[in-house]
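A.B. asks: As input, take model_31.json (JSON, C-alpha atoms):
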```json
[["chain", "number", "residue", "atom", "x", "y", "z"],
["W", 1, "MET", "CA", -133.46, 42.31, 109.64],
["W", 2, "HIS", "CA", -134.35, 38.63, 109.46],
["W", 3, "HIS", "CA", -133.91, 37.15, 106.03],
["W", 4, "HIS", "CA", -137.57, 36.15, 106.18],
["W", 5, "ASP", "CA", -138.45, 39.83, 106.00],
["W", 6, "GLN", "CA", -136.50, 40.52, 102.86],
["W", 7, "PRO", "CA", -138.63, 41.09, 99.78],
["W", 8, "HIS", "CA", -138.16, 38.61, 96.98],
["W", 9, "ARG", "CA", -135.57, 39.65, 94.48],
["W", 10, "TYR", "CA", -135.77, 39.17, 90.75],
["W", 11, "ALA", "CA", -133.59, 36.35, 89.46],
["W", 12, "LEU", "CA", -133.68, 34.74, 86.03],
["W", 13, "HIS", "CA", -135.12, 31.22, 86.11],
["W", 14, "ALA", "CA", -132.42, 28.56, 85.63],
["W", 15, "GLN", "CA", -134.17, 27.05, 82.60],
["W", 16, "LEU", "CA", -134.42, 30.41, 80.83],
["W", 17, "ASP", "CA", -130.80, 31.04, 81.71],
["W", 18, "ALA", "CA", -129.86, 27.70, 80.12],
["W", 19, "ASP", "CA", -131.97, 28.15, 76.96],
["W", 20, "THR", "CA", -131.26, 31.81, 76.13],
["W", 21, "LEU", "CA", -128.45, 34.33, 75.89],
["W", 22, "PRO", "CA", -128.46, 37.96, 77.01],
["W", 23, "ILE", "CA", -128.88, 40.61, 74.32],
["W", 24, "THR", "CA", -129.79, 43.82, 76.15],
["W", 25, "SER", "CA", -131.92, 45.23, 78.94],
["W", 26, "PHE", "CA", -134.96, 47.41, 78.41],
["W", 27, "ALA", "CA", -136.47, 49.51, 81.20],
["W", 28, "LEU", "CA", -138.68, 46.65, 82.42],
["W", 29, "SER", "CA", -137.46, 43.51, 80.69],
["W", 30, "ASP", "CA", -134.27, 41.67, 79.94],
["W", 31, "VAL", "CA", -134.11, 40.81, 76.24],
["W", 32, "ARG", "CA", -132.61, 37.41, 75.49],
["W", 33, "LEU", "CA", -131.98, 35.28, 72.41],
["W", 34, "MET", "CA", -133.37, 31.74, 72.30],
["W", 35, "ASP", "CA", -130.49, 29.46, 71.35],
["W", 36, "ASP", "CA", -132.35, 27.97, 68.40],
["W", 37, "ALA", "CA", -131.11, 28.94, 64.96],
["W", 38, "ASN", "CA", -134.32, 27.62, 63.36],
["W", 39, "TYR", "CA", -135.99, 30.98, 64.03],
["W", 40, "PRO", "CA", -134.98, 34.53, 65.02],
["W", 41, "TRP", "CA", -136.47, 34.27, 68.50],
["W", 42, "LEU", "CA", -136.32, 36.82, 71.31],
["W", 43, "VAL", "CA", -137.54, 36.28, 74.86],
["W", 44, "LEU", "CA", -138.48, 39.24, 77.05],
["W", 45, "VAL", "CA", -138.28, 38.63, 80.79],
["W", 46, "PRO", "CA", -139.77, 41.41, 82.95],
["W", 47, "ARG", "CA", -137.55, 41.93, 85.99],
["W", 48, "VAL", "CA", -140.51, 41.69, 88.35],
["W", 49, "PRO", "CA", -140.03, 39.34, 91.32],
["W", 50, "ASP", "CA", -142.38, 36.36, 91.45],
["W", 51, "ALA", "CA", -144.33, 37.31, 88.30],
["W", 52, "SER", "CA", -145.66, 34.31, 86.38],
["W", 53, "GLU", "CA", -148.73, 35.73, 84.67],
["W", 54, "ILE", "CA", -149.47, 38.99, 82.82],
["W", 55, "THR", "CA", -152.01, 39.59, 85.58],
["W", 56, "ASP", "CA", -149.13, 39.76, 88.09],
["W", 57, "LEU", "CA", -148.04, 43.07, 86.55],
["W", 58, "ASP", "CA", -149.68, 46.37, 87.41],
["W", 59, "ALA", "CA", -151.12, 48.49, 84.60],
["W", 60, "ALA", "CA", -148.00, 50.65, 84.21],
["W", 61, "GLN", "CA", -145.81, 47.54, 83.97],
["W", 62, "ARG", "CA", -148.18, 45.94, 81.45],
["W", 63, "HIS", "CA", -148.11, 49.02, 79.27],
["W", 64, "MET", "CA", -144.34, 49.16, 79.47],
["W", 65, "LEU", "CA", -144.19, 45.47, 78.52],
["W", 66, "SER", "CA", -146.47, 46.18, 75.56],
["W", 67, "ASP", "CA", -144.09, 48.96, 74.45],
["W", 68, "GLU", "CA", -141.11, 46.63, 74.81],
["W", 69, "ILE", "CA", -142.81, 43.82, 72.87],
["W", 70, "ASP", "CA", -143.54, 46.34, 70.12],
["W", 71, "ARG", "CA", -139.90, 47.42, 70.11],
["W", 72, "ALA", "CA", -138.63, 43.83, 69.93],
["W", 73, "ALA", "CA", -141.16, 43.00, 67.21],
["W", 74, "ARG", "CA", -140.10, 46.01, 65.12],
["W", 75, "ALA", "CA", -136.45, 45.03, 65.46],
["W", 76, "LEU", "CA", -137.16, 41.49, 64.24],
["W", 77, "ARG", "CA", -139.28, 42.86, 61.42],
["W", 78, "GLU", "CA", -136.52, 45.20, 60.32],
["W", 79, "GLY", "CA", -133.79, 42.60, 60.59],
["W", 80, "PHE", "CA", -135.52, 39.51, 59.26],
["W", 81, "ARG", "CA", -138.58, 40.59, 57.22],
["W", 82, "PRO", "CA", -140.73, 37.81, 58.71],
["W", 83, "PHE", "CA", -143.87, 36.60, 56.99],
["W", 84, "LYS", "CA", -145.51, 36.76, 60.43],
["W", 85, "LEU", "CA", -144.58, 37.62, 63.97],
["W", 86, "ASN", "CA", -145.58, 35.24, 66.76],
["W", 87, "ILE", "CA", -145.89, 36.73, 70.24],
["W", 88, "ALA", "CA", -146.77, 34.59, 73.22],
["W", 89, "ALA", "CA", -146.71, 34.32, 77.00],
["W", 90, "LEU", "CA", -147.17, 30.61, 77.75],
["W", 91, "GLY", "CA", -145.04, 29.44, 80.67],
["W", 92, "ASN", "CA", -146.41, 25.92, 80.94],
["W", 93, "LEU", "CA", -142.93, 24.56, 81.60],
["W", 94, "VAL", "CA", -141.10, 27.60, 83.01],
["W", 95, "PRO", "CA", -143.31, 29.52, 85.43],
["W", 96, "GLN", "CA", -141.36, 32.80, 85.39],
["W", 97, "LEU", "CA", -143.20, 35.33, 83.23],
["W", 98, "HIS", "CA", -141.54, 35.58, 79.82],
["W", 99, "VAL", "CA", -142.78, 36.66, 76.40],
["W", 100, "HIS", "CA", -141.68, 35.02, 73.17],
["W", 101, "VAL", "CA", -141.28, 37.28, 70.13],
["W", 102, "ILE", "CA", -140.51, 35.14, 67.10],
["W", 103, "ALA", "CA", -139.96, 35.98, 63.43],
["W", 104, "ARG", "CA", -141.70, 33.30, 61.36],
["W", 105, "GLN", "CA", -141.16, 32.46, 57.72],
["W", 106, "GLN", "CA", -143.19, 30.15, 55.52],
["W", 107, "SER", "CA", -139.93, 28.27, 54.95],
["W", 108, "ASP", "CA", -139.19, 27.63, 58.65],
["W", 109, "PRO", "CA", -139.36, 24.04, 59.96],
["W", 110, "ALA", "CA", -142.53, 24.43, 62.06],
["W", 111, "TRP", "CA", -144.57, 26.60, 59.67],
["W", 112, "PRO", "CA", -147.55, 27.16, 59.87],
["W", 113, "LEU", "CA", -147.74, 25.72, 63.38],
["W", 114, "PRO", "CA", -146.41, 27.43, 66.50],
["W", 115, "VAL", "CA", -142.78, 26.57, 67.15],
["W", 116, "TRP", "CA", -143.10, 24.82, 70.52],
["W", 117, "GLY", "CA", -142.73, 21.05, 70.58],
["W", 118, "ARG", "CA", -142.19, 20.68, 66.81],
["W", 119, "VAL", "CA", -138.54, 20.31, 65.83],
["W", 120, "ALA", "CA", -135.53, 20.04, 68.12],
["W", 121, "ALA", "CA", -133.76, 23.30, 68.89],
["W", 122, "LYS", "CA", -130.76, 23.91, 66.66],
["W", 123, "PRO", "CA", -128.11, 25.62, 68.78],
["W", 124, "HIS", "CA", -126.26, 28.47, 67.05],
["W", 125, "THR", "CA", -122.68, 27.81, 66.06],
["W", 126, "PRO", "CA", -120.31, 30.07, 68.01],
["W", 127, "GLU", "CA", -119.68, 32.14, 64.86],
["W", 128, "LEU", "CA", -123.36, 32.61, 64.13],
["W", 129, "LEU", "CA", -124.08, 33.38, 67.76],
["W", 130, "VAL", "CA", -121.57, 36.23, 67.86],
["W", 131, "GLU", "CA", -122.93, 37.61, 64.59],
["W", 132, "ARG", "CA", -126.58, 37.24, 65.59],
["W", 133, "ILE", "CA", -126.12, 38.89, 68.99],
["W", 134, "ALA", "CA", -124.30, 41.85, 67.45],
["W", 135, "GLN", "CA", -126.99, 42.18, 64.78],
["W", 136, "LEU", "CA", -129.80, 42.11, 67.35],
["W", 137, "GLN", "CA", -128.07, 44.56, 69.64],
["W", 138, "ALA", "CA", -127.77, 46.98, 66.71],
["W", 139, "LEU", "CA", -131.42, 46.47, 65.71],
["W", 140, "LEU", "CA", -132.63, 46.96, 69.29],
["W", 141, "ARG", "CA", -130.62, 50.12, 69.78],
["W", 142, "ASN", "CA", -133.06, 52.07, 67.56],
["H", 1, "MET", "CA", -166.83, 59.81, 46.55],
["H", 2, "HIS", "CA", -165.34, 56.93, 44.63],
["H", 3, "HIS", "CA", -165.38, 53.67, 46.48],
["H", 4, "HIS", "CA", -161.62, 53.56, 46.07],
["H", 5, "ASP", "CA", -161.39, 56.50, 48.42],
["H", 6, "GLN", "CA", -163.30, 54.89, 51.23],
["H", 7, "PRO", "CA", -161.20, 53.90, 54.19],
["H", 8, "HIS", "CA", -161.12, 50.21, 54.95],
["H", 9, "ARG", "CA", -163.74, 49.14, 57.45],
["H", 10, "TYR", "CA", -163.26, 46.60, 60.18],
["H", 11, "ALA", "CA", -164.86, 43.23, 59.46],
["H", 12, "LEU", "CA", -164.31, 39.97, 61.28],
["H", 13, "HIS", "CA", -162.29, 37.47, 59.22],
["H", 14, "ALA", "CA", -164.45, 34.62, 57.90],
["H", 15, "GLN", "CA", -162.32, 31.93, 59.56],
["H", 16, "LEU", "CA", -162.55, 33.60, 62.99],
["H", 17, "ASP", "CA", -166.27, 33.99, 62.43],
["H", 18, "ALA", "CA", -166.52, 30.27, 61.71],
["H", 19, "ASP", "CA", -164.36, 29.12, 64.64],
["H", 20, "THR", "CA", -165.62, 31.41, 67.40],
["H", 21, "LEU", "CA", -168.81, 32.77, 68.93],
["H", 22, "PRO", "CA", -169.48, 36.31, 70.16],
["H", 23, "ILE", "CA", -169.38, 36.88, 73.93],
["H", 24, "THR", "CA", -169.13, 40.64, 74.38],
["H", 25, "SER", "CA", -167.45, 43.77, 73.07],
["H", 26, "PHE", "CA", -164.78, 45.69, 74.96],
["H", 27, "ALA", "CA", -163.81, 49.27, 74.03],
["H", 28, "LEU", "CA", -161.23, 48.09, 71.50],
["H", 29, "SER", "CA", -161.80, 44.38, 70.97],
["H", 30, "ASP", "CA", -164.57, 41.93, 70.31],
["H", 31, "VAL", "CA", -164.39, 39.06, 72.78],
["H", 32, "ARG", "CA", -165.24, 35.67, 71.30],
["H", 33, "LEU", "CA", -165.31, 32.07, 72.49],
["H", 34, "MET", "CA", -163.34, 29.46, 70.57],
["H", 35, "ASP", "CA", -165.72, 26.59, 69.83],
["H", 36, "ASP", "CA", -163.46, 24.00, 71.46],
["H", 37, "ALA", "CA", -164.67, 22.53, 74.73],
["H", 38, "ASN", "CA", -161.19, 21.11, 75.42],
["H", 39, "TYR", "CA", -160.16, 24.44, 76.94],
["H", 40, "PRO", "CA", -161.81, 27.65, 78.19],
["H", 41, "TRP", "CA", -160.51, 29.75, 75.31],
["H", 42, "LEU", "CA", -161.25, 33.39, 74.53],
["H", 43, "VAL", "CA", -160.16, 35.25, 71.43],
["H", 44, "LEU", "CA", -159.86, 39.05, 71.46],
["H", 45, "VAL", "CA", -160.15, 40.73, 68.06],
["H", 46, "PRO", "CA", -159.29, 44.45, 68.05],
["H", 47, "ARG", "CA", -161.73, 46.27, 65.76],
["H", 48, "VAL", "CA", -158.91, 47.97, 63.87],
["H", 49, "PRO", "CA", -159.15, 47.79, 60.08],
["H", 50, "ASP", "CA", -156.32, 45.90, 58.35],
["H", 51, "ALA", "CA", -154.40, 45.14, 61.56],
["H", 52, "SER", "CA", -152.48, 41.87, 61.43],
["H", 53, "GLU", "CA", -149.60, 42.50, 63.84],
["H", 54, "ILE", "CA", -149.34, 44.11, 67.27],
["H", 55, "THR", "CA", -147.09, 46.64, 65.54],
["H", 56, "ASP", "CA", -150.09, 47.77, 63.45],
["H", 57, "LEU", "CA", -151.64, 49.29, 66.57],
["H", 58, "ASP", "CA", -150.64, 52.68, 67.92],
["H", 59, "ALA", "CA", -149.43, 52.95, 71.52],
["H", 60, "ALA", "CA", -152.84, 53.90, 72.91],
["H", 61, "GLN", "CA", -154.45, 50.92, 71.17],
["H", 62, "ARG", "CA", -151.72, 48.59, 72.39],
["H", 63, "HIS", "CA", -152.18, 49.72, 75.96],
["H", 64, "MET", "CA", -155.94, 49.31, 75.65],
["H", 65, "LEU", "CA", -155.40, 45.81, 74.25],
["H", 66, "SER", "CA", -153.10, 45.02, 77.18],
["H", 67, "ASP", "CA", -155.85, 46.15, 79.58],
["H", 68, "GLU", "CA", -158.41, 44.01, 77.75],
["H", 69, "ILE", "CA", -156.14, 40.93, 77.76],
["H", 70, "ASP", "CA", -155.71, 41.43, 81.50],
["H", 71, "ARG", "CA", -159.48, 41.67, 81.95],
["H", 72, "ALA", "CA", -160.10, 38.51, 79.91],
["H", 73, "ALA", "CA", -157.32, 36.68, 81.76],
["H", 74, "ARG", "CA", -158.76, 37.65, 85.15],
["H", 75, "ALA", "CA", -162.21, 36.46, 84.09],
["H", 76, "LEU", "CA", -160.83, 33.05, 83.04],
["H", 77, "ARG", "CA", -158.83, 32.83, 86.24],
["H", 78, "GLU", "CA", -161.88, 33.57, 88.34],
["H", 79, "GLY", "CA", -164.14, 31.21, 86.43],
["H", 80, "PHE", "CA", -161.83, 28.28, 85.78],
["H", 81, "ARG", "CA", -158.89, 28.46, 88.25],
["H", 82, "PRO", "CA", -156.37, 27.49, 85.54],
["H", 83, "PHE", "CA", -152.98, 26.06, 86.39],
["H", 84, "LYS", "CA", -151.58, 28.51, 83.80],
["H", 85, "LEU", "CA", -152.86, 31.13, 81.39],
["H", 86, "ASN", "CA", -151.62, 31.03, 77.80],
["H", 87, "ILE", "CA", -151.75, 34.31, 75.90],
["H", 88, "ALA", "CA", -150.69, 34.53, 72.27],
["H", 89, "ALA", "CA", -150.93, 36.52, 69.06],
["H", 90, "LEU", "CA", -149.87, 34.11, 66.30],
["H", 91, "GLY", "CA", -151.93, 34.54, 63.13],
["H", 92, "ASN", "CA", -149.99, 32.15, 60.92],
["H", 93, "LEU", "CA", -153.23, 30.88, 59.40],
["H", 94, "VAL", "CA", -155.62, 33.80, 59.94],
["H", 95, "PRO", "CA", -153.91, 37.11, 59.23],
["H", 96, "GLN", "CA", -156.39, 39.34, 61.10],
["H", 97, "LEU", "CA", -154.88, 40.39, 64.44],
["H", 98, "HIS", "CA", -156.38, 38.30, 67.24],
["H", 99, "VAL", "CA", -155.16, 37.36, 70.70],
["H", 100, "HIS", "CA", -155.78, 33.97, 72.28],
["H", 101, "VAL", "CA", -156.40, 33.90, 76.04],
["H", 102, "ILE", "CA", -156.61, 30.29, 77.18],
["H", 103, "ALA", "CA", -157.09, 28.70, 80.59],
["H", 104, "ARG", "CA", -154.79, 25.67, 80.79],
["H", 105, "GLN", "CA", -154.98, 22.76, 83.21],
["H", 106, "GLN", "CA", -152.47, 20.00, 83.73],
["H", 107, "SER", "CA", -155.32, 17.62, 82.88],
["H", 108, "ASP", "CA", -156.15, 19.16, 79.50],
["H", 109, "PRO", "CA", -155.43, 17.12, 76.35],
["H", 110, "ALA", "CA", -152.50, 19.21, 75.06],
["H", 111, "TRP", "CA", -150.72, 19.86, 78.38],
["H", 112, "PRO", "CA", -147.90, 20.93, 78.70],
["H", 113, "LEU", "CA", -147.66, 21.89, 75.04],
["H", 114, "PRO", "CA", -149.45, 24.85, 73.46],
["H", 115, "VAL", "CA", -152.92, 23.93, 72.22],
["H", 116, "TRP", "CA", -152.48, 24.58, 68.51],
["H", 117, "GLY", "CA", -152.21, 21.59, 66.23],
["H", 118, "ARG", "CA", -152.46, 18.99, 69.00],
["H", 119, "VAL", "CA", -155.92, 17.49, 69.36],
["H", 120, "ALA", "CA", -158.97, 18.12, 67.19],
["H", 121, "ALA", "CA", -161.31, 20.84, 68.39],
["H", 122, "LYS", "CA", -164.25, 19.47, 70.37],
["H", 123, "PRO", "CA", -167.25, 21.66, 69.52],
["H", 124, "HIS", "CA", -169.45, 22.57, 72.48],
["H", 125, "THR", "CA", -172.81, 20.84, 72.69],
["H", 126, "PRO", "CA", -175.65, 23.37, 72.31],
["H", 127, "GLU", "CA", -176.45, 23.05, 76.02],
["H", 128, "LEU", "CA", -172.85, 23.62, 77.11],
["H", 129, "LEU", "CA", -172.50, 26.48, 74.67],
["H", 130, "VAL", "CA", -175.46, 28.36, 76.12],
["H", 131, "GLU", "CA", -174.18, 27.77, 79.65],
["H", 132, "ARG", "CA", -170.57, 28.69, 78.84],
["H", 133, "ILE", "CA", -171.50, 31.90, 77.04],
["H", 134, "ALA", "CA", -173.73, 33.04, 79.92],
["H", 135, "GLN", "CA", -170.98, 32.18, 82.41],
["H", 136, "LEU", "CA", -168.34, 34.12, 80.46],
["H", 137, "GLN", "CA", -170.60, 37.11, 79.97],
["H", 138, "ALA", "CA", -171.15, 37.25, 83.74],
["H", 139, "LEU", "CA", -167.41, 36.87, 84.45],
["H", 140, "LEU", "CA", -166.49, 39.56, 81.92],
["H", 141, "ARG", "CA", -169.05, 42.02, 83.28],
["H", 142, "ASN", "CA", -166.89, 42.66, 86.34]]
```
The structure in this file should be written as structure tokens.
C.D. replies:
Amino acid sequence: MHHHDQPHRYALHAQLDADTLPITSFALSDVRLMDDANYPWLVLVPRVPDASEITDLDAAQRHMLSDEIDRAARALREGFRPFKLNIAALGNLVPQLHVHVIARQQSDPAWPLPVWGRVAAKPHTPELLVERIAQLQALLRN
Amino acid sequence: MHHHDQPHRYALHAQLDADTLPITSFALSDVRLMDDANYPWLVLVPRVPDASEITDLDAAQRHMLSDEIDRAARALREGFRPFKLNIAALGNLVPQLHVHVIARQQSDPAWPLPVWGRVAAKPHTPELLVERIAQLQALLRN
């Protein structure tokens, strides 16, 4: 088989790989932690080759993504008691389809605006990162 | 029956009513146009009493909302050929659950950042409003 004939494979976009850390895998999506301690911030990346828009998923995949967003949102709600959840598929800078699920508090540095382009990301310390990943893995196991 | 016993009824939040105009109704959601000519910008408002988060919907409602977001996104794609779609449920200022579906271009005034809190809304002229609503109603009929 010529390599031209091979179907595209799913691979995480390099920018998402650089900005986030792996937490767990759901049936459709990889669940990753944004390395920004300003907010509890998950990113769901459906493992669908070449998807950049919600409209690139079929109905079954969209419904599964909706279920996985709900699951991530419930985990953040349970773990962090946010004032509000923010859920968004933007992708203006990184074309690979990914969904932000963010726990917002009235005390966070971007409130009440959306988080993008407001304050510089605050990388987790190694200690906090280990703790946060373990906490999220436990929350997402339910 | 005491009025205390009445279930809550769905009513559009006053701020959404002020900021948007009715386009059509889907099975679950009202589809409205944000009165900001900077971007083709739809807002879907599920007619579910007291819903403020995605997690307030049951699975069937979430799947229906996913289908309706897809339908709105396809209409904007067909009508405006956006460089990227932005889809978001934020609600930091207006607690009633609503989903933004926005057609973004690299030439729009907030690109590449999300639209919120960037440039002042540019209300449609009456002529453009009539034209835009008719256009969107035709696109959403498909």
A.B. asks: I'd like the contact shell of Asp67 in chain H - 12 Å cut-off, only C-alpha atoms, skipping same-chain residues fewer than 6 positions apart - returned as a PyMOL selection string.
C.D. replies: (chain W and resi 54-55+57-66) or (chain H and resi 26-29+44+60-61+73-74)
A.B. asks: So that I have them on file, write out the residues from the current selection with C-alpha atoms, as an mmCIF file, in the coordinates of the input.
C.D. replies:
```cif
data_model
loop_
_atom_site.group_PDB
_atom_site.id
_atom_site.type_symbol
_atom_site.label_atom_id
_atom_site.label_comp_id
_atom_site.auth_asym_id
_atom_site.auth_seq_id
_atom_site.Cartn_x
_atom_site.Cartn_y
_atom_site.Cartn_z
ATOM 1 C CA ILE W 54 -149.470 38.990 82.820
ATOM 2 C CA THR W 55 -152.010 39.590 85.580
ATOM 3 C CA LEU W 57 -148.040 43.070 86.550
ATOM 4 C CA ASP W 58 -149.680 46.370 87.410
ATOM 5 C CA ALA W 59 -151.120 48.490 84.600
ATOM 6 C CA ALA W 60 -148.000 50.650 84.210
ATOM 7 C CA GLN W 61 -145.810 47.540 83.970
ATOM 8 C CA ARG W 62 -148.180 45.940 81.450
ATOM 9 C CA HIS W 63 -148.110 49.020 79.270
ATOM 10 C CA MET W 64 -144.340 49.160 79.470
ATOM 11 C CA LEU W 65 -144.190 45.470 78.520
ATOM 12 C CA SER W 66 -146.470 46.180 75.560
ATOM 13 C CA PHE H 26 -164.780 45.690 74.960
ATOM 14 C CA ALA H 27 -163.810 49.270 74.030
ATOM 15 C CA LEU H 28 -161.230 48.090 71.500
ATOM 16 C CA SER H 29 -161.800 44.380 70.970
ATOM 17 C CA LEU H 44 -159.860 39.050 71.460
ATOM 18 C CA ALA H 60 -152.840 53.900 72.910
ATOM 19 C CA GLN H 61 -154.450 50.920 71.170
ATOM 20 C CA ALA H 73 -157.320 36.680 81.760
ATOM 21 C CA ARG H 74 -158.760 37.650 85.150
#
```
A.B. asks: Please check the contacts: residues of chain H at most 10 Å away from chain W, using only C-alpha atoms, listed as a ChimeraX atom specification.
C.D. replies: /H:52-60,62-67,69-74,77,83-93,95,99-102,104-106,111-118
A.B. asks: Please compute the CA of Ala110 in chain H-CA of Lys122 in chain H distance, one decimal, in Å.
C.D. replies: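 Separating CA of Ala110 in chain H from CA of Lys122 in chain H is a distance of 12.7 Å.
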A.B. asks: Go ahead and compute the interatomic distance for CA of Arg32 in chain W and CA of Pro49 in chain W, in Å to one decimal.
C.D. replies: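 Going from CA of Arg32 in chain W over to CA of Pro49 in chain W, I get 17.6 Å.
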A.B. asks: Skipping near chain neighbours, those fewer than 5 positions away, what residues fall within 10 Å of Arg141 in chain W using all atoms listed in the file, listed as an MDAnalysis selection string?
C.D. replies: chainID W and resid 24 71 75 136
A.B. asks: What does the distance from CA of Arg132 in chain W to CA of Pro46 in chain W come to in Å, to one decimal?
C.D. replies: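 Taking CA of Arg132 in chain W and CA of Pro46 in chain W, their separation equals 22.2 Å.
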A.B. asks: What lies within 8 Å of Tyr39 in chain H using all atoms listed in the file, ignoring chain neighbours under 2 positions off, as an MDAnalysis selection string?
C.D. replies: chainID H and resid 36:37 41 102:104 108
A.B. asks: Just want the 10 Å neighbourhood of Ile133 in chain W, counted on all atoms listed in the file, with same-chain residues fewer than 5 positions away dropped. Output as a VMD selection string.
C.D. replies: chain W and resid 21 to 24 32 to 33 128 138 to 139
A.B. asks: For each of H:Asp30, H:Asn142, H:Asp50, H:Ser25, take the minimum atom-to-atom distance to Leu76 in chain H, counting only C-alpha atoms, then give the residue where this is smallest.
C.D. replies: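 Checking each candidate against Leu76 in chain H, we get H:Asn142 as the closest.
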A.B. asks: Go ahead and find all residues with at least one atom no further than 7 Å from (-136.9, 43.3, 91.1) in the file's coordinates, using all atoms listed in the file; report them as a ChimeraX atom specification.
C.D. replies: /W:9-10,47-49
A.B. asks: When you count all atoms listed in the file, which of these residues is closest to Val94 in chain W: W:Leu16, W:Ala120, W:Ala11, W:Val130?
C.D. replies: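 Of W:Leu16, W:Ala120, W:Ala11, W:Val130, the one nearest Val94 in chain W, counting all atoms listed in the file, is W:Leu16.
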A.B. asks: How about completing range 92-97 of chain H with all heavy atoms and giving it to me as a PDB file, keeping the file's coordinate frame?
C.D. replies:
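Writing the result to out-v8.pdb gives the following:
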```pdb
ATOM      1  N   ASN H  92    -150.642  32.769  62.078  1.00  0.00           N
ATOM      2  CA  ASN H  92    -149.990  32.150  60.920  1.00  0.00           C
ATOM      3  C   ASN H  92    -151.012  31.710  59.874  1.00  0.00           C
ATOM      4  O   ASN H  92    -150.707  31.673  58.680  1.00  0.00           O
ATOM      5  CB  ASN H  92    -149.152  30.950  61.363  1.00  0.00           C
ATOM      6  CG  ASN H  92    -148.045  31.354  62.336  1.00  0.00           C
ATOM      7  OD1 ASN H  92    -147.733  32.530  62.475  1.00  0.00           O
ATOM      8  ND2 ASN H  92    -147.473  30.372  63.007  1.00  0.00           N
ATOM      9  N   LEU H  93    -152.198  31.358  60.320  1.00  0.00           N
ATOM     10  CA  LEU H  93    -153.230  30.880  59.400  1.00  0.00           C
ATOM     11  C   LEU H  93    -154.292  31.941  59.118  1.00  0.00           C
ATOM     12  O   LEU H  93    -154.827  31.994  58.017  1.00  0.00           O
ATOM     13  CB  LEU H  93    -153.885  29.615  59.963  1.00  0.00           C
ATOM     14  CG  LEU H  93    -152.917  28.427  60.127  1.00  0.00           C
ATOM     15  CD1 LEU H  93    -153.594  27.274  60.854  1.00  0.00           C
ATOM     16  CD2 LEU H  93    -152.385  27.963  58.771  1.00  0.00           C
ATOM     17  N   VAL H  94    -154.615  32.736  60.098  1.00  0.00           N
ATOM     18  CA  VAL H  94    -155.620  33.800  59.940  1.00  0.00           C
ATOM     19  C   VAL H  94    -154.920  35.129  60.169  1.00  0.00           C
ATOM     20  O   VAL H  94    -154.518  35.432  61.283  1.00  0.00           O
ATOM     21  CB  VAL H  94    -156.767  33.616  60.961  1.00  0.00           C
ATOM     22  CG1 VAL H  94    -157.734  34.784  60.883  1.00  0.00           C
ATOM     23  CG2 VAL H  94    -157.487  32.294  60.731  1.00  0.00           C
ATOM     24  N   PRO H  95    -154.760  35.926  59.100  1.00  0.00           N
ATOM     25  CA  PRO H  95    -153.910  37.110  59.230  1.00  0.00           C
ATOM     26  C   PRO H  95    -154.499  38.222  60.108  1.00  0.00           C
ATOM     27  O   PRO H  95    -153.751  39.054  60.603  1.00  0.00           O
ATOM     28  CB  PRO H  95    -153.743  37.590  57.782  1.00  0.00           C
ATOM     29  CG  PRO H  95    -154.916  37.021  57.046  1.00  0.00           C
ATOM     30  CD  PRO H  95    -155.241  35.716  57.732  1.00  0.00           C
ATOM     31  N   GLN H  96    -155.820  38.255  60.283  1.00  0.00           N
ATOM     32  CA  GLN H  96    -156.390  39.340  61.100  1.00  0.00           C
ATOM     33  C   GLN H  96    -155.878  39.244  62.538  1.00  0.00           C
ATOM     34  O   GLN H  96    -155.938  38.172  63.149  1.00  0.00           O
ATOM     35  CB  GLN H  96    -157.914  39.257  61.094  1.00  0.00           C
ATOM     36  CG  GLN H  96    -158.573  40.377  61.874  1.00  0.00           C
ATOM     37  CD  GLN H  96    -160.084  40.388  61.670  1.00  0.00           C
ATOM     38  OE1 GLN H  96    -160.784  39.433  62.006  1.00  0.00           O
ATOM     39  NE2 GLN H  96    -160.587  41.452  61.079  1.00  0.00           N
ATOM     40  N   LEU H  97    -155.408  40.373  63.078  1.00  0.00           N
ATOM     41  CA  LEU H  97    -154.880  40.390  64.440  1.00  0.00           C
ATOM     42  C   LEU H  97    -155.909  39.852  65.428  1.00  0.00           C
ATOM     43  O   LEU H  97    -157.041  40.329  65.475  1.00  0.00           O
ATOM     44  CB  LEU H  97    -154.493  41.826  64.830  1.00  0.00           C
ATOM     45  CG  LEU H  97    -153.985  42.029  66.264  1.00  0.00           C
ATOM     46  CD1 LEU H  97    -152.720  41.215  66.529  1.00  0.00           C
ATOM     47  CD2 LEU H  97    -153.740  43.503  66.551  1.00  0.00           C
TER      48      LEU H  97
END
```
